[in-house]
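Novice: Just one file: input-v2.cif, with mmCIF, C-alpha atoms.
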data_input
loop_
_atom_site.label_atom_id
_atom_site.label_comp_id
_atom_site.auth_asym_id
_atom_site.auth_seq_id
_atom_site.Cartn_x
_atom_site.Cartn_y
_atom_site.Cartn_z
CA MET A 284 0.00 0.00 0.00
CA LYS A 285 1.64 3.23 -1.11
CA ASN A 286 1.34 6.34 1.04
CA TYR A 287 0.44 4.53 4.26
CA SER A 288 -1.96 6.31 6.57
CA ARG A 289 -3.71 5.28 9.76
CA GLN A 290 -7.07 6.11 8.18
CA ARG A 291 -6.39 3.97 5.09
CA GLU A 292 -5.31 1.06 7.26
CA ALA A 293 -8.49 1.37 9.35
CA VAL A 294 -10.70 1.44 6.24
CA LEU A 295 -8.94 -1.63 4.85
CA ASN A 296 -9.13 -3.49 8.17
CA VAL A 297 -12.87 -2.87 8.48
CA LEU A 298 -13.51 -3.92 4.89
CA CYS A 299 -11.40 -7.07 5.17
CA SER A 300 -13.10 -8.07 8.43
CA THR A 301 -16.48 -8.68 6.75
CA LYS A 302 -17.91 -10.83 3.97
CA CYS A 303 -21.01 -8.64 3.47
CA HIS A 304 -19.74 -6.46 0.57
CA PRO A 305 -20.57 -3.20 2.37
CA THR A 306 -21.27 0.30 1.14
CA ALA A 307 -19.00 3.23 1.96
CA ALA A 308 -21.57 4.40 4.53
CA TRP A 309 -21.38 1.03 6.34
CA ILE A 310 -17.58 1.14 6.28
CA TYR A 311 -17.66 4.72 7.57
CA GLU A 312 -19.89 3.81 10.54
CA ASN A 313 -17.59 0.94 11.48
CA VAL A 314 -14.32 2.86 11.01
CA ARG A 315 -15.72 5.58 13.31
CA LYS A 316 -15.66 3.01 16.14
CA VAL A 317 -11.86 3.03 15.80
CA LEU A 318 -11.30 6.58 14.53
CA PRO A 319 -14.24 8.69 15.78
CA ASN A 320 -13.12 11.86 13.97
CA ILE A 321 -12.79 10.37 10.48
CA SER A 322 -15.01 11.94 7.82
CA LEU A 323 -17.10 10.19 5.20
CA GLY A 324 -15.05 12.00 2.55
CA THR A 325 -11.85 10.52 3.95
CA VAL A 326 -13.39 7.03 3.80
CA TYR A 327 -14.42 7.58 0.15
CA ARG A 328 -10.97 8.91 -0.79
CA ASN A 329 -9.25 5.94 0.83
CA LEU A 330 -11.60 3.44 -0.81
CA THR A 331 -10.80 5.05 -4.17
CA VAL A 332 -7.04 4.82 -3.57
CA LEU A 333 -7.30 1.20 -2.38
CA GLU A 334 -9.32 0.27 -5.46
CA GLN A 335 -6.94 2.08 -7.82
CA GLU A 336 -4.02 0.20 -6.25
CA GLY A 337 -5.84 -3.11 -6.81
CA ILE A 338 -6.04 -3.90 -3.09
CA ILE A 339 -9.87 -3.94 -2.97
CA ARG A 340 -12.63 -4.17 -5.57
CA LYS A 341 -15.65 -2.02 -6.23
CA ILE A 342 -18.76 -4.04 -7.08
CA PRO A 343 -21.16 -2.39 -9.52
CA VAL A 344 -24.73 -3.50 -8.81
CA GLY A 345 -26.74 -0.67 -10.29
CA GLU A 346 -28.74 0.28 -7.20
CA GLY A 347 -27.14 3.70 -6.85
CA GLN A 348 -24.65 2.78 -4.13
CA GLU A 349 -21.19 1.32 -4.60
CA HIS A 350 -20.31 -1.83 -2.71
CA PHE A 351 -16.78 -2.93 -1.89
CA ASP A 352 -14.99 -6.24 -1.50
CA GLY A 353 -11.84 -6.72 0.57
CA ASP A 354 -11.29 -10.18 -0.95
CA ASN A 355 -9.18 -9.51 -4.01
CA THR A 356 -8.91 -13.14 -5.10
CA GLN A 357 -10.35 -14.22 -8.47
CA HIS A 358 -14.10 -14.57 -8.01
CA SER A 359 -17.39 -13.16 -9.26
CA HIS A 360 -20.56 -12.03 -7.51
CA PHE A 361 -24.31 -12.61 -7.51
CA TYR A 362 -26.54 -9.66 -6.60
CA CYS A 363 -30.13 -10.30 -5.53
CA LYS A 364 -32.41 -7.53 -6.82
CA SER A 365 -34.95 -8.32 -4.09
CA CYS A 366 -32.95 -8.48 -0.83
CA GLN A 367 -29.91 -6.64 -2.30
CA ARG A 368 -27.51 -9.20 -0.88
CA ILE A 369 -24.22 -9.79 -2.69
CA THR A 370 -22.63 -13.23 -2.50
CA ASP A 371 -19.30 -14.50 -3.76
CA ILE A 372 -19.40 -17.16 -6.47
CA GLN A 373 -16.57 -19.23 -7.83
CA ILE A 374 -16.90 -19.85 -11.56
CA ASP A 375 -14.35 -20.56 -14.25
CA THR A 376 -14.13 -17.47 -16.46
CA THR A 377 -11.46 -18.91 -18.76
CA ASP A 378 -13.87 -19.48 -21.67
CA ALA A 379 -15.32 -15.98 -21.39
CA CYS A 380 -11.83 -14.44 -21.31
CA SER A 381 -10.88 -16.43 -24.42
CA LEU A 382 -14.01 -15.21 -26.22
CA VAL A 383 -13.21 -11.60 -25.35
CA GLU A 384 -9.65 -12.03 -26.60
CA LYS A 385 -10.91 -13.56 -29.85
CA GLU A 386 -13.50 -10.80 -30.35
CA THR A 387 -11.26 -7.84 -29.48
CA GLY A 388 -7.73 -9.03 -30.12
CA ALA A 389 -6.86 -7.88 -26.59
CA ASP A 390 -4.90 -9.80 -23.97
CA VAL A 391 -7.31 -10.45 -21.10
CA ASP A 392 -5.77 -11.01 -17.68
CA LEU A 393 -8.86 -11.29 -15.55
CA GLY A 394 -12.54 -11.86 -15.97
CA THR A 395 -14.93 -11.17 -13.13
CA TYR A 396 -18.67 -10.84 -13.36
CA THR A 397 -21.57 -9.55 -11.34
CA PHE A 398 -24.67 -11.60 -12.05
CA THR A 399 -28.05 -10.21 -11.05
CA GLY A 400 -31.36 -11.91 -10.38
CA ILE A 401 -33.47 -13.18 -7.50
CA CYS A 402 -31.77 -15.42 -4.91
CA LYS A 403 -33.26 -18.74 -3.78
CA ASN A 404 -34.40 -17.23 -0.47
CA CYS A 405 -36.40 -14.48 -2.22
CA LYS A 406 -37.95 -16.66 -4.94
#
Show me the file's structure as structure tokens.

Specialist:
Amino acid sequence: MKNYSRQREAVLNVLCSTKCHPTAAWIYENVRKVLPNISLGTVYRNLTVLEQEGIIRKIPVGEGQEHFDGDNTQHSHFYCKSCQRITDIQIDTTDACSLVEKETGADVDLGTYTFTGICKNCK
């Protein structure tokens, strides 16, 4: 992590301590338990830096709020449009990456997906 700061470390620790794929507001509320004077803007800035450095991932789910994942291993996500829960899924994306390479001529390093639908609990 370049440019270490106590705030950035606290944001990362809170994010990596959960599997719930939280929003910045959730992270902010939990970081405030450790650093009561931290601002929401500081949390957003640190999340942006951590994502740009490839340490965390932003999960686009189209509900208007960004969600974040502290697990940076190769995996995809399923987003339930009913309960808005995000779960990790392990699928082989090799075929999809090969198709993208064939279609675009690009070299694809990583393929991750966010699938949306209705989970089994909400059906």

Novice: Within 12 Å of Asp352 of chain A, counting only C-alpha atoms, which residues show up once you throw out same-chain ones fewer than 2 positions away? Write them as a PyMOL selection string, please.

Specialist: chain A and resi 294-307+310+330+333-334+337-343+349-350+354-360+369-371

Novice: Pick from A:Cys366, A:Ile372, A:Ala379, A:Leu318: nearest to Leu393 of chain A, with all atoms listed in the file counted?

Specialist: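 Of the candidates, the smallest distance to Leu393 of chain A is held by A:Ala379.
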
Novice: Atom CA of Tyr311 of chain A to atom CA of Val326 of chain A: how many Å, to one decimal?

Specialist: 6.1 Å

Novice: So, with all atoms listed in the file as the atoms that count, which of A:Ser365, A:Ser288, A:Thr325, A:Thr331 lies closest to Lys403 of chain A?

Specialist: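 With all atoms listed in the file as the atom set, the closest residue is A:Ser365.
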
Novice: Can you tell me which residues surround Asp378 of chain A at a distance of at most 12 Å, considering only C-alpha atoms, apart from same-chain residues fewer than 5 positions away, and format the answer as a PDB file with C-alpha atoms, in the frame of the given file?

Specialist:
ATOM      1  CA  VAL A 383     -13.210 -11.600 -25.350  1.00  0.00           C
ATOM      2  CA  GLU A 384      -9.650 -12.030 -26.600  1.00  0.00           C
ATOM      3  CA  LYS A 385     -10.910 -13.560 -29.850  1.00  0.00           C
ATOM      4  CA  VAL A 391      -7.310 -10.450 -21.100  1.00  0.00           C
ATOM      5  CA  LEU A 393      -8.860 -11.290 -15.550  1.00  0.00           C
ATOM      6  CA  GLY A 394     -12.540 -11.860 -15.970  1.00  0.00           C
ATOM      7  CA  THR A 395     -14.930 -11.170 -13.130  1.00  0.00           C
TER       8      THR A 395
END

Novice: So which residues touch Tyr362 of chain A within 7 Å, counting only C-alpha atoms, skipping near sequence neighbours fewer than 6 positions away, as a PyMOL selection string?

Specialist: chain A and resi 344+368-370+397-400

Novice: Since the input lacks atoms, please generate N, CA, C and O atoms for segment 326-338 of chain A and provide them as a short mmCIF file (atom, residue, chain, number, x, y, z; two decimals), in the coordinates of the input.

Specialist:
data_model
loop_
_atom_site.label_atom_id
_atom_site.label_comp_id
_atom_site.auth_asym_id
_atom_site.auth_seq_id
_atom_site.Cartn_x
_atom_site.Cartn_y
_atom_site.Cartn_z
N VAL A 326 -13.12 8.45 4.09
CA VAL A 326 -13.39 7.03 3.80
C VAL A 326 -13.50 6.84 2.29
O VAL A 326 -12.88 5.94 1.72
N TYR A 327 -14.28 7.68 1.60
CA TYR A 327 -14.42 7.58 0.15
C TYR A 327 -13.08 7.73 -0.56
O TYR A 327 -12.76 6.95 -1.47
N ARG A 328 -12.28 8.71 -0.16
CA ARG A 328 -10.97 8.91 -0.79
C ARG A 328 -10.08 7.68 -0.62
O ARG A 328 -9.41 7.25 -1.55
N ASN A 329 -10.08 7.11 0.59
CA ASN A 329 -9.25 5.94 0.83
C ASN A 329 -9.75 4.72 0.10
O ASN A 329 -8.96 3.91 -0.39
N LEU A 330 -11.06 4.55 -0.01
CA LEU A 330 -11.60 3.44 -0.81
C LEU A 330 -11.19 3.59 -2.28
O LEU A 330 -10.82 2.60 -2.92
N THR A 331 -11.21 4.81 -2.78
CA THR A 331 -10.80 5.05 -4.17
C THR A 331 -9.34 4.70 -4.38
O THR A 331 -8.98 4.01 -5.35
N VAL A 332 -8.47 5.13 -3.46
CA VAL A 332 -7.04 4.82 -3.57
C VAL A 332 -6.81 3.31 -3.49
O VAL A 332 -6.07 2.74 -4.28
N LEU A 333 -7.47 2.65 -2.54
CA LEU A 333 -7.30 1.20 -2.38
C LEU A 333 -7.77 0.45 -3.62
O LEU A 333 -7.14 -0.52 -4.03
N GLU A 334 -8.84 0.93 -4.24
CA GLU A 334 -9.32 0.27 -5.46
C GLU A 334 -8.35 0.54 -6.61
O GLU A 334 -8.02 -0.37 -7.36
N GLN A 335 -7.88 1.75 -6.75
CA GLN A 335 -6.94 2.08 -7.82
C GLN A 335 -5.64 1.29 -7.70
O GLN A 335 -5.03 0.95 -8.70
N GLU A 336 -5.24 0.99 -6.47
CA GLU A 336 -4.02 0.20 -6.25
C GLU A 336 -4.27 -1.30 -6.40
O GLU A 336 -3.34 -2.09 -6.30
N GLY A 337 -5.52 -1.70 -6.61
CA GLY A 337 -5.84 -3.11 -6.81
C GLY A 337 -5.90 -3.89 -5.52
O GLY A 337 -5.88 -5.13 -5.54
N ILE A 338 -6.01 -3.22 -4.39
CA ILE A 338 -6.04 -3.90 -3.09
C ILE A 338 -7.46 -4.36 -2.76
O ILE A 338 -7.66 -5.40 -2.14
#
